[in-house]
file entry31.txt (compact mmCIF, C-alpha atoms and all ligand atoms)
# COMPACT_ATOMS: atom_id res chain seq x y z
CA MET E 27 13.94 -16.10 13.87
CA SER E 28 14.76 -16.55 17.51
CA GLU E 29 12.39 -18.31 19.90
CA ILE E 30 10.01 -16.25 22.00
CA PRO E 31 10.96 -16.62 25.66
CA ASP E 32 8.28 -17.80 28.10
CA GLU E 33 8.71 -15.07 30.66
CA GLY E 34 6.98 -11.89 29.62
CA GLN E 35 6.69 -8.30 30.67
CA GLU E 36 3.38 -6.94 31.89
CA PHE E 37 2.10 -3.47 30.99
CA LYS E 38 -0.87 -1.91 32.77
CA LEU E 39 -2.24 0.76 30.48
CA GLN E 40 -4.47 3.54 31.73
CA ALA E 41 -7.40 4.85 29.68
CA ASN E 42 -6.38 6.82 26.55
CA SER E 43 -2.82 5.58 26.43
CA GLU E 44 -0.82 3.20 24.27
CA LEU E 45 2.01 0.70 24.41
CA ARG E 46 4.54 1.27 21.65
CA PHE E 47 7.15 -1.24 20.67
CA GLU E 48 9.52 -2.11 17.87
CA VAL E 49 10.50 -5.72 17.24
CA GLU E 50 14.25 -6.32 17.22
CA ALA E 51 15.94 -7.53 14.01
CA LYS E 52 15.66 -11.31 13.53
CA ALA E 53 13.31 -11.56 16.53
CA MET E 54 9.60 -12.16 17.05
CA VAL E 55 7.37 -10.52 19.63
CA GLU E 56 4.14 -11.88 21.02
CA ILE E 57 1.46 -9.77 22.65
CA GLU E 58 -1.55 -10.88 24.64
CA MET E 59 -4.30 -8.80 26.19
CA ILE E 60 -5.18 -10.32 29.53
CA GLU E 61 -7.60 -7.70 30.82
CA GLY E 62 -9.69 -4.82 29.48
CA GLN E 63 -10.05 -3.67 25.90
CA ALA E 64 -7.49 -2.50 23.38
CA GLU E 65 -7.00 -1.97 19.67
CA MET E 66 -4.16 -1.85 17.21
CA PHE E 67 -4.50 0.85 14.53
CA GLY E 68 -8.29 0.56 14.81
CA THR E 69 -8.65 -3.25 15.03
CA GLU E 70 -9.80 -4.65 18.38
CA LEU E 71 -7.66 -7.25 20.11
CA ALA E 72 -9.36 -10.43 21.33
CA LYS E 73 -8.81 -11.24 25.01
CA ASN E 74 -6.31 -14.01 25.81
CA ARG E 75 -5.25 -14.42 22.20
CA LYS E 76 -1.56 -14.31 21.35
CA TYR E 77 -0.60 -12.14 18.40
CA SER E 78 2.90 -12.32 16.99
CA PHE E 79 4.84 -9.66 15.13
CA VAL E 80 7.82 -10.14 12.87
CA SER E 81 11.22 -8.49 12.99
CA GLY E 82 11.16 -4.74 12.36
CA SER E 83 7.43 -4.25 13.09
CA LYS E 84 6.56 -0.94 14.74
CA ILE E 85 3.40 -1.29 16.73
CA ALA E 86 1.11 0.71 19.01
CA ILE E 87 -1.60 -0.94 21.10
CA PHE E 88 -4.05 1.72 22.22
CA THR E 89 -6.77 1.53 24.87
CA TRP E 90 -9.77 3.82 25.38
CA HIS E 91 -10.70 2.34 28.76
CA GLY E 92 -7.56 0.68 30.15
CA CYS E 93 -6.09 -2.81 29.75
CA VAL E 94 -3.31 -5.16 30.80
CA LEU E 95 -0.95 -6.46 28.12
CA GLN E 96 1.63 -9.21 28.31
CA LEU E 97 4.60 -8.81 25.96
CA ARG E 98 7.07 -11.60 25.20
CA GLY E 99 10.16 -11.42 22.97
CA LYS E 100 12.92 -8.99 22.13
CA THR E 101 12.03 -5.38 21.44
CA GLU E 102 14.22 -2.44 20.43
CA VAL E 103 11.99 -0.28 22.58
CA ALA E 104 8.78 -0.85 24.52
CA TYR E 105 7.15 2.00 26.42
CA MET E 106 3.77 3.38 27.38
CA SER E 107 2.61 6.82 26.28
CA LYS E 108 -0.35 8.95 27.25
CA GLU E 109 0.32 11.49 24.50
CA THR E 110 -1.55 10.20 21.48
CA PRO E 111 -3.63 11.92 18.78
CA MET E 112 -6.29 9.17 18.92
CA THR E 113 -9.05 11.50 20.18
CA VAL E 114 -8.48 13.83 17.23
CA TYR E 115 -8.47 10.84 14.85
CA VAL E 116 -11.71 9.43 16.27
CA ASN E 117 -13.33 12.87 15.96
CA THR E 118 -12.25 12.98 12.33
CA HIS E 119 -13.83 9.57 11.88
CA ALA E 120 -17.06 10.83 13.54
CA ALA E 121 -17.23 13.76 11.10
CA LEU E 122 -16.73 11.38 8.16
CA GLU E 123 -19.43 9.12 9.53
CA GLN E 124 -21.88 12.05 9.56
CA MET E 125 -21.09 12.62 5.90
CA ARG E 126 -21.79 8.92 5.24
CA GLU E 127 -25.12 9.09 7.02
CA LYS E 128 -26.11 12.10 4.96
CA ALA E 129 -25.02 10.35 1.76
CA GLU E 130 -27.07 7.32 2.72
CA LEU E 131 -30.21 9.40 3.30
CA GLU E 132 -29.82 11.45 0.16
CA ASN E 133 -28.58 8.57 -1.97
CA THR E 134 -25.42 10.44 -2.89
CA ARG E 135 -21.70 9.78 -2.65
CA GLY E 136 -19.96 9.33 0.70
CA PRO E 137 -16.80 11.22 1.69
CA ARG E 138 -13.61 10.92 -0.33
CA ILE E 139 -10.60 11.60 1.78
CA LEU E 140 -7.02 12.22 0.68
CA VAL E 141 -4.45 11.69 3.44
CA VAL E 142 -1.33 13.75 2.80
CA GLY E 143 1.82 14.87 4.61
CA PRO E 144 5.59 14.53 4.60
CA VAL E 145 7.32 11.17 5.00
CA ASP E 146 7.00 9.29 8.28
CA VAL E 147 4.05 11.06 9.82
CA GLY E 148 1.74 8.06 9.96
CA LYS E 149 -0.30 8.52 6.76
CA SER E 150 -0.76 4.79 6.11
CA THR E 151 -1.56 4.26 9.79
CA LEU E 152 -4.22 6.99 9.80
CA CYS E 153 -5.78 5.45 6.66
CA ARG E 154 -5.84 2.06 8.41
CA ILE E 155 -7.47 3.56 11.51
CA LEU E 156 -10.13 5.48 9.53
CA VAL E 157 -10.95 2.46 7.35
CA ASN E 158 -11.15 0.15 10.38
CA TYR E 159 -13.45 2.50 12.27
CA ALA E 160 -15.73 2.78 9.23
CA VAL E 161 -15.83 -1.04 8.84
CA ARG E 162 -16.61 -1.46 12.55
CA LEU E 163 -19.77 0.57 11.91
CA GLY E 164 -20.78 -1.74 9.07
CA ARG E 165 -19.42 0.38 6.21
CA SER E 166 -17.50 -0.91 3.18
CA PRO E 167 -15.12 1.89 2.17
CA VAL E 168 -12.62 1.76 -0.65
CA LEU E 169 -9.00 2.02 0.47
CA ALA E 170 -6.81 3.36 -2.33
CA ASP E 171 -3.03 3.57 -2.17
CA ILE E 172 -1.20 5.80 -4.63
CA ASP E 173 2.17 5.63 -2.83
CA VAL E 174 4.30 3.70 -5.35
CA GLY E 175 7.23 3.58 -2.94
CA GLN E 176 5.78 1.04 -0.52
CA GLY E 177 3.14 -0.82 -2.54
CA ASN E 178 0.67 -1.60 0.19
CA MET E 179 -1.86 -3.07 -2.27
CA GLY E 180 0.33 -4.86 -4.75
CA LEU E 181 4.09 -4.44 -4.80
CA PRO E 182 6.27 -1.34 -4.78
CA GLY E 183 5.96 0.15 -8.28
CA THR E 184 2.17 -0.14 -8.36
CA ILE E 185 -0.92 1.74 -7.26
CA GLY E 186 -4.17 0.07 -6.29
CA ALA E 187 -7.38 -0.08 -4.35
CA LEU E 188 -9.67 -2.50 -2.61
CA VAL E 189 -13.13 -2.53 -1.09
CA VAL E 190 -12.72 -3.26 2.62
CA GLU E 191 -15.38 -5.35 4.29
CA ARG E 192 -13.48 -6.61 7.34
CA THR E 193 -11.22 -4.80 9.76
CA ALA E 194 -7.50 -5.32 9.15
CA ASP E 195 -6.08 -8.48 10.66
CA ILE E 196 -3.86 -7.58 13.61
CA GLU E 197 -0.89 -9.51 12.21
CA GLU E 198 -1.45 -9.42 8.46
CA GLY E 199 -3.31 -6.18 7.71
CA PHE E 200 -6.22 -5.88 5.29
CA GLN E 201 -7.29 -9.01 3.49
CA GLN E 202 -6.24 -8.56 -0.11
CA THR E 203 -8.40 -11.05 -1.94
CA ALA E 204 -9.14 -8.98 -5.00
CA PRO E 205 -7.27 -5.70 -5.05
CA LEU E 206 -7.33 -3.66 -8.23
CA VAL E 207 -3.71 -2.98 -9.10
CA PHE E 208 -2.00 -1.00 -11.87
CA HIS E 209 1.58 -1.40 -13.02
CA TYR E 210 3.69 1.74 -12.78
CA GLY E 211 7.15 0.18 -12.68
CA HIS E 212 9.25 2.59 -10.61
CA LYS E 213 9.62 3.33 -6.93
CA SER E 214 9.06 7.07 -7.12
CA ALA E 215 6.24 9.03 -8.78
CA ASN E 216 8.94 11.40 -10.01
CA ASP E 217 10.44 8.73 -12.31
CA ASN E 218 7.54 9.05 -14.77
CA LEU E 219 5.08 11.66 -13.59
CA GLN E 220 3.06 11.58 -16.79
CA LEU E 221 2.38 7.86 -16.38
CA TYR E 222 1.78 8.24 -12.64
CA ASN E 223 -0.91 10.90 -13.17
CA LEU E 224 -2.52 8.86 -15.93
CA LEU E 225 -2.77 5.79 -13.68
CA VAL E 226 -4.12 7.78 -10.72
CA SER E 227 -6.90 9.11 -12.98
CA ARG E 228 -7.58 5.61 -14.28
CA LEU E 229 -7.79 4.21 -10.74
CA ALA E 230 -10.23 6.97 -9.76
CA GLU E 231 -12.34 6.22 -12.84
CA ILE E 232 -12.64 2.52 -11.99
CA ILE E 233 -13.43 3.30 -8.34
CA ASN E 234 -16.27 5.52 -9.62
CA VAL E 235 -17.63 2.61 -11.63
CA ARG E 236 -17.39 0.34 -8.56
CA CYS E 237 -19.23 2.94 -6.46
CA GLU E 238 -22.00 3.18 -9.04
CA GLN E 239 -22.55 -0.57 -8.73
CA SER E 240 -23.03 -0.58 -4.96
CA LYS E 241 -24.94 1.89 -2.83
CA LYS E 242 -23.16 0.61 0.26
CA VAL E 243 -19.67 1.17 -1.16
CA ASN E 244 -20.75 4.50 -2.64
CA CYS E 245 -21.92 6.01 0.63
CA SER E 246 -19.00 4.50 2.59
CA GLY E 247 -16.59 6.63 0.57
CA VAL E 248 -12.94 6.37 -0.42
CA ILE E 249 -9.81 6.83 1.70
CA ILE E 250 -6.65 7.51 -0.29
CA ASN E 251 -3.11 7.09 1.03
CA THR E 252 -0.41 9.15 -0.69
CA ALA E 253 3.38 9.35 -0.81
CA GLY E 254 5.40 11.79 1.32
CA TRP E 255 6.59 13.75 -1.74
CA ILE E 256 4.92 17.10 -1.16
CA ARG E 257 7.16 19.67 -2.82
CA GLY E 258 7.29 20.98 -6.38
CA ALA E 259 6.04 18.36 -8.82
CA GLY E 260 5.04 16.15 -5.87
CA TYR E 261 2.65 18.85 -4.68
CA GLU E 262 1.23 19.20 -8.20
CA ALA E 263 0.69 15.42 -8.29
CA LEU E 264 -1.24 15.64 -5.00
CA LYS E 265 -3.48 18.35 -6.41
CA GLN E 266 -4.04 16.31 -9.54
CA ALA E 267 -4.97 13.27 -7.38
CA ALA E 268 -7.39 15.43 -5.35
CA GLY E 269 -9.04 16.43 -8.65
CA ALA E 270 -9.07 12.93 -10.13
CA PHE E 271 -10.73 11.41 -7.05
CA GLU E 272 -12.96 14.50 -6.61
CA VAL E 273 -12.10 14.49 -2.92
CA ASP E 274 -14.24 16.29 -0.34
CA VAL E 275 -11.76 16.15 2.52
CA ILE E 276 -7.98 16.36 2.75
CA CYS E 277 -6.34 15.33 6.02
CA VAL E 278 -2.94 16.99 6.26
CA LEU E 279 -0.72 15.33 8.79
CA ASP E 280 1.76 17.44 10.67
CA GLN E 281 2.54 20.19 8.18
CA GLU E 282 1.03 23.64 8.44
CA ARG E 283 2.78 24.85 5.34
CA LEU E 284 1.19 22.16 3.17
CA TYR E 285 -2.15 22.79 4.88
CA ASN E 286 -2.05 26.51 4.05
CA GLN E 287 -0.87 25.88 0.53
CA LEU E 288 -3.75 23.46 -0.15
CA LYS E 289 -6.23 25.81 1.49
CA SER E 290 -5.32 28.62 -0.86
CA ASP E 291 -5.04 26.45 -3.99
CA LEU E 292 -8.09 24.20 -3.75
CA PRO E 293 -11.76 25.17 -4.15
CA ASP E 294 -13.71 26.01 -0.97
CA PHE E 295 -15.90 22.89 -1.07
CA VAL E 296 -12.85 20.76 -0.25
CA LYS E 297 -12.52 20.62 3.55
CA ILE E 298 -8.90 20.69 4.57
CA VAL E 299 -8.03 19.60 8.09
CA LEU E 300 -4.68 19.71 9.83
CA LEU E 301 -4.07 16.73 12.10
CA PRO E 302 -1.21 16.07 14.51
CA LYS E 303 1.11 13.15 14.00
CA SER E 304 1.66 10.57 16.68
CA GLY E 305 4.90 10.79 18.62
CA GLY E 306 5.12 7.03 18.17
CA VAL E 307 5.62 7.08 14.39
CA VAL E 308 9.13 5.98 13.73
CA GLU E 309 11.32 7.76 11.19
CA ARG E 310 12.83 5.53 8.55
CA SER E 311 16.15 6.08 6.79
CA GLN E 312 16.54 5.55 3.03
CA ALA E 313 18.16 2.20 3.83
CA THR E 314 15.24 1.13 6.04
CA ARG E 315 12.81 2.14 3.30
CA ALA E 316 14.70 0.08 0.71
CA GLU E 317 14.71 -2.82 3.17
CA SER E 318 10.99 -2.52 3.79
CA ARG E 319 10.36 -2.47 0.00
CA ASP E 320 12.39 -5.66 -0.27
CA ASN E 321 10.48 -7.21 2.63
CA ARG E 322 7.19 -6.34 0.98
CA ILE E 323 8.28 -8.17 -2.19
CA ARG E 324 9.56 -11.16 -0.20
CA GLU E 325 6.28 -11.25 1.72
CA TYR E 326 4.34 -11.33 -1.59
CA PHE E 327 6.14 -14.49 -2.64
CA TYR E 328 6.94 -16.19 0.68
CA GLY E 329 4.19 -14.88 3.01
CA LEU E 330 4.60 -12.77 6.13
CA LYS E 331 5.75 -15.74 8.19
CA ASN E 332 7.37 -17.73 5.40
CA ASN E 333 4.12 -19.65 5.08
CA PHE E 334 3.71 -19.44 1.27
CA PHE E 335 5.50 -21.74 -1.15
CA PRO E 336 6.17 -19.99 -4.45
CA HIS E 337 6.84 -21.93 -7.65
CA SER E 338 9.90 -21.78 -9.84
CA PHE E 339 9.63 -22.69 -13.54
CA ASP E 340 10.93 -21.88 -17.00
CA VAL E 341 9.11 -19.65 -19.46
CA LYS E 342 9.96 -19.68 -23.17
CA PHE E 343 10.69 -16.29 -24.71
CA ASN E 344 8.29 -17.20 -27.51
CA ASP E 345 5.40 -17.81 -25.14
CA VAL E 346 5.29 -14.29 -23.72
CA LYS E 347 5.20 -10.70 -24.88
CA LEU E 348 7.38 -8.31 -22.92
CA PHE E 349 6.82 -4.58 -22.65
CA LYS E 350 7.88 -1.63 -20.61
CA VAL E 351 6.01 1.62 -20.29
CA GLY E 352 7.71 4.83 -21.36
CA ALA E 353 10.33 5.32 -24.04
CA PRO E 354 13.49 7.36 -23.44
CA SER E 355 12.76 10.98 -24.24
CA LEU E 356 13.88 12.18 -27.63
CA PRO E 357 14.41 15.80 -28.47
CA GLU E 358 11.27 17.31 -30.03
CA SER E 359 13.06 17.73 -33.37
CA CYS E 360 13.48 13.94 -33.72
CA LEU E 361 9.82 13.13 -33.15
CA PRO E 362 7.20 12.58 -35.84
CA LEU E 363 5.18 15.67 -36.64
CA GLY E 364 2.46 16.36 -34.06
CA MET E 365 3.89 14.10 -31.36
CA LYS E 366 5.03 15.67 -28.10
CA VAL E 367 7.90 14.49 -25.91
CA ILE E 368 5.37 13.85 -23.18
CA ASP E 369 3.52 11.17 -25.22
CA ASN E 370 6.59 8.94 -24.98
CA GLN E 371 6.23 8.63 -21.23
CA THR E 372 3.03 6.62 -21.42
CA LYS E 373 3.92 4.64 -24.53
CA LEU E 374 4.07 0.86 -24.51
CA VAL E 375 7.50 -0.26 -25.71
CA PRO E 376 8.09 -3.89 -26.81
CA LEU E 377 11.23 -5.43 -25.29
CA LEU E 378 13.39 -8.23 -26.58
CA PRO E 379 14.24 -10.74 -23.86
CA SER E 380 17.86 -10.50 -22.74
CA ASN E 381 20.10 -10.97 -19.72
CA ASN E 382 19.03 -7.50 -18.63
CA LEU E 383 15.82 -9.02 -17.33
CA LEU E 384 17.60 -10.80 -14.51
CA HIS E 385 16.14 -10.03 -11.04
CA HIS E 386 13.51 -7.68 -12.47
CA ILE E 387 9.92 -7.89 -11.33
CA LEU E 388 7.37 -8.43 -14.08
CA SER E 389 3.68 -7.62 -13.75
CA VAL E 390 1.32 -10.08 -15.41
CA SER E 391 -1.19 -7.93 -17.27
CA ALA E 392 -4.88 -8.83 -17.27
CA ALA E 393 -4.92 -7.81 -20.96
CA THR E 394 -5.44 -10.69 -23.36
CA THR E 395 -4.36 -9.05 -26.61
CA VAL E 396 -1.86 -6.37 -27.55
CA ASP E 397 -4.69 -4.40 -29.13
CA GLN E 398 -6.07 -3.59 -25.70
CA ASP E 399 -4.90 -0.50 -23.87
CA ILE E 400 -2.33 -2.43 -21.84
CA VAL E 401 -0.95 0.60 -20.00
CA GLU E 402 -4.37 1.30 -18.49
CA THR E 403 -5.31 -2.33 -17.86
CA ASN E 404 -4.95 -3.75 -14.35
CA VAL E 405 -2.50 -6.51 -13.49
CA LEU E 406 -3.21 -9.97 -12.07
CA GLY E 407 -0.01 -10.53 -10.12
CA PHE E 408 3.77 -10.52 -10.26
CA ILE E 409 6.71 -12.76 -11.03
CA VAL E 410 10.43 -12.20 -10.65
CA VAL E 411 13.08 -13.31 -13.15
CA THR E 412 15.61 -15.51 -11.35
CA GLY E 413 17.54 -16.75 -14.40
CA VAL E 414 17.92 -16.08 -18.14
CA ASP E 415 19.22 -18.54 -20.75
CA VAL E 416 19.45 -16.63 -24.01
CA GLU E 417 20.77 -19.64 -25.93
CA LYS E 418 17.87 -21.84 -24.95
CA GLY E 419 15.48 -18.92 -25.35
CA LEU E 420 13.96 -19.10 -21.90
CA PHE E 421 13.97 -17.51 -18.50
CA THR E 422 13.28 -18.90 -15.04
CA VAL E 423 10.74 -17.18 -12.83
CA LEU E 424 9.55 -17.23 -9.26
CA SER E 425 5.77 -17.14 -9.23
CA PRO E 426 3.09 -17.32 -6.51
CA SER E 427 1.04 -19.70 -8.68
CA PRO E 428 2.16 -22.84 -10.54
CA ARG E 429 2.91 -23.00 -14.25
CA PRO E 430 1.51 -21.88 -16.70
CA LEU E 431 1.36 -18.09 -16.33
CA PRO E 432 -2.27 -16.94 -16.26
CA LYS E 433 -1.69 -14.50 -19.16
CA ASN E 434 1.22 -13.85 -21.47
CA ILE E 435 1.57 -10.06 -21.58
CA LEU E 436 4.27 -9.06 -19.11
CA LEU E 437 5.30 -5.56 -18.04
CA VAL E 438 8.86 -5.07 -16.85
CA MET E 439 9.52 -3.02 -13.72
CA ASP E 440 12.63 -0.98 -12.98
CA ILE E 441 12.46 -2.52 -9.53
CA GLN E 442 14.57 -5.60 -8.84
CA PHE E 443 14.43 -8.33 -6.24
CA MET E 444 17.18 -10.78 -5.37
CA ASP E 445 15.65 -14.07 -4.32
CA ILE E 446 18.08 -14.84 -1.52
CA LYS E 447 16.65 -16.13 1.73
P1 LIG Y 501 5.58 7.05 4.41
O1 LIG Y 501 6.55 8.14 4.57
O2 LIG Y 501 6.21 5.77 3.95
O3 LIG Y 501 4.40 7.42 3.57
P2 LIG Y 501 3.73 7.12 6.59
O4 LIG Y 501 3.62 8.59 6.81
O5 LIG Y 501 2.60 6.48 5.86
O6 LIG Y 501 5.08 6.73 5.92
P3 LIG Y 501 3.31 5.02 8.49
O7 LIG Y 501 3.74 3.98 7.51
O8 LIG Y 501 1.87 5.13 8.81
O9 LIG Y 501 3.88 6.43 8.03
O10 LIG Y 501 4.10 4.87 9.86
C1 LIG Y 501 5.49 4.62 9.91
C2 LIG Y 501 5.78 3.50 10.89
O11 LIG Y 501 5.42 3.91 12.22
C3 LIG Y 501 4.98 2.23 10.62
O12 LIG Y 501 5.86 1.12 10.77
C4 LIG Y 501 3.89 2.20 11.70
O13 LIG Y 501 3.54 0.88 12.05
C5 LIG Y 501 4.59 2.91 12.83
N1 LIG Y 501 3.64 3.61 13.74
C6 LIG Y 501 2.57 4.36 13.38
N2 LIG Y 501 1.96 4.86 14.47
C7 LIG Y 501 2.68 4.42 15.54
C8 LIG Y 501 2.57 4.60 16.95
N3 LIG Y 501 1.60 5.34 17.49
N4 LIG Y 501 3.49 3.98 17.74
C9 LIG Y 501 4.47 3.22 17.22
N5 LIG Y 501 4.64 3.04 15.90
C10 LIG Y 501 3.76 3.62 15.08
call {"tool": "encode", "arguments": {"input": "entry31.txt", "output": "structure tokens", "more": "lines below"}}
Ligand code: ATP
result
Amino acid sequence: MSEIPDEGQEFKLQANSELRFEVEAKAMVEIEMIEGQAEMFGTELAKNRKYSFVSGSKIAIFTWHGCVLQLRGKTEVAYMSKETPMTVYVNTHAALEQMREKAELENTRGPRILVVGPVDVGKSTLCRILVNYAVRLGRSPVLADIDVGQGNMGLPGTIGALVVERTADIEEGFQQTAPLVFHYGHKSANDNLQLYNLLVSRLAEIINVRCEQSKKVNCSGVIINTAGWIRGAGYEALKQAAGAFEVDVICVLDQERLYNQLKSDLPDFVKIVLLPKSGGVVERSQATRAESRDNRIREYFYGLKNNFFPHSFDVKFNDVKLFKVGAPSLPESCLPLGMKVIDNQTKLVPLLPSNNLLHHILSVSAATTVDQDIVETNVLGFIVVTGVDVEKGLFTVLSPSPRPLPKNILLVMDIQFMDIK
């Protein structure tokens, strides 16, 4: 990373406008608010505090009342804009807050919101804003992420949720002390739709249990981020998620067609709102997406600013049990009587350790015995296989925690990570 130069650039922002910038590759950018008030995706900035952003970050600092910002470091772009959808977003938040107040009075469930739309419209950002605004009013909503492509809760190839009690950290996002994460194993919901739908339902079920345990969480509601796959089977998966989470509100970002489709297909009690996307949201190519997946995995092991020190150690084949979820489909005629092709997709398949494991990510299941329903059990964390020695019967792993592994049932992902710095 290159050094941040001392001399900065000053931006005077008028009320209801934002500064947008993108950090150049291999650079760092520092921002400081020297006057006024401002927020980043719903989190307030402290005055005279320097916040730094790593290479590739795409940021918007918005102000309701005006502010002066000092920016240091190399940006791809840095410009001010008065055209933002923030007023519409804050109105959406206000409507959700009314639903929470009602739920609190009547001792019922708070709003459950599904945020949908095509790729690169700011779905994750809107979820962050809505969650932050709720937390700023003292709420503790659940943030669920069912976009397996980016893995905001765990890693790509997972879905998960967490109860949010603090606004997202400006630099590091939401504190992920105890997220609930499920292993899916692939980077697209399309790779095993049967399994994907099963896990979404399971996640919803556990969130319901969590809500029953806490009145505060229950009336704060659930905000669910989804993937940008909205056609064909992707659309069906969205509808199934809406059903599983029993959502009351669907926020459709930037697509009238999807909005109309949902309006005609879903029952009337589901409120469907069409929201504009921000002109600041940056489109990402397939290559950038793959890169950001890789960065997410690297960040899990090494920390956002290379401030974590992962461990590397050997694991004996005999000390672990390896599985993958989903067997290759067989033609119906080859299956035992009564079994459908579809059942294979959610089946736990034992794997023999081999060189094929190299570079694959493995989820460490929370299950203690193979008799448990491992597919529907959450995971504790992840390791990556950095070496395999078949003759010695062991493999080397990179792990966030020191040896030994916390549990010995490991689920193999399709997703790979090359541990090259
Ligand atoms: P996906 O297609 O992966 O689901 P998405 O619709 O969830 O994407 P986001 O991840 O919310 O989109 O936004 C894409 C990128 O744009 C992110 O890096 C985010 O930080 C950035 N971004 C969002 N809003 C703004 C804005 N107003 N100005 C500048 N950048 C922004």
call {"tool": "residues_near_point", "arguments": {"input": "entry31.txt", "point": "(11.1, -7.8, -1.2)", "cutoff": "7 Å", "atoms": "only C-alpha atoms", "output": "PDB file with C-alpha atoms, in the coordinates of the input"}}
result
ATOM      1  CA  ARG E 319      10.360  -2.470   0.000  1.00  0.00           C
ATOM      2  CA  ASP E 320      12.390  -5.660  -0.270  1.00  0.00           C
ATOM      3  CA  ASN E 321      10.480  -7.210   2.630  1.00  0.00           C
ATOM      4  CA  ARG E 322       7.190  -6.340   0.980  1.00  0.00           C
ATOM      5  CA  ILE E 323       8.280  -8.170  -2.190  1.00  0.00           C
ATOM      6  CA  ARG E 324       9.560 -11.160  -0.200  1.00  0.00           C
ATOM      7  CA  GLU E 325       6.280 -11.250   1.720  1.00  0.00           C
ATOM      8  CA  PHE E 443      14.430  -8.330  -6.240  1.00  0.00           C
TER       9      PHE E 443
END
call {"tool": "atom_distance", "arguments": {"input": "entry31.txt", "atom1": "CA of Met106 (chain E)", "atom2": "CA of Cys277 (chain E)"}}
result
26.5 Å
call {"tool": "residues_around", "arguments": {"input": "entry31.txt", "residues": "Val414 (chain E)", "least_positions_apart": "2", "cutoff": "8 Å", "atoms": "only C-alpha atoms", "output": "PyMOL selection string"}}
result
chain E and resi 380-381+383-384+411-412+416+420-422
call {"tool": "residues_near_ligand", "arguments": {"input": "entry31.txt", "ligand": "ligand LIG 501 (chain Y)", "cutoff": "9 Å", "atoms": "all atoms listed in the file", "output": "number ranges by chain"}}
result
E: 44-48, 67, 82-88, 107, 110-112, 142-154, 173, 175-176, 251-255, 279, 303-310, 315
call {"tool": "atom_distance", "arguments": {"input": "entry31.txt", "atom1": "CA of Asn434 (chain E)", "atom2": "CA of Asn382 (chain E)"}}
result
19.1 Å
call {"tool": "closest_residue", "arguments": {"input": "entry31.txt", "among": "E:Ile441, E:Val341, E:Ala129, E:Ala120", "to": "Gly177 (chain E)", "atoms": "all atoms listed in the file"}}
result
E:Ile441
call {"tool": "atom_distance", "arguments": {"input": "entry31.txt", "atom1": "CA of Pro205 (chain E)", "atom2": "CA of Glu132 (chain E)"}}
result
28.8 Å
call {"tool": "closest_residue", "arguments": {"input": "entry31.txt", "among": "E:Ala104, E:Ile155, E:Leu97, E:Leu377", "to": "Met66 (chain E)", "atoms": "all atoms listed in the file"}}
result
E:Ile155
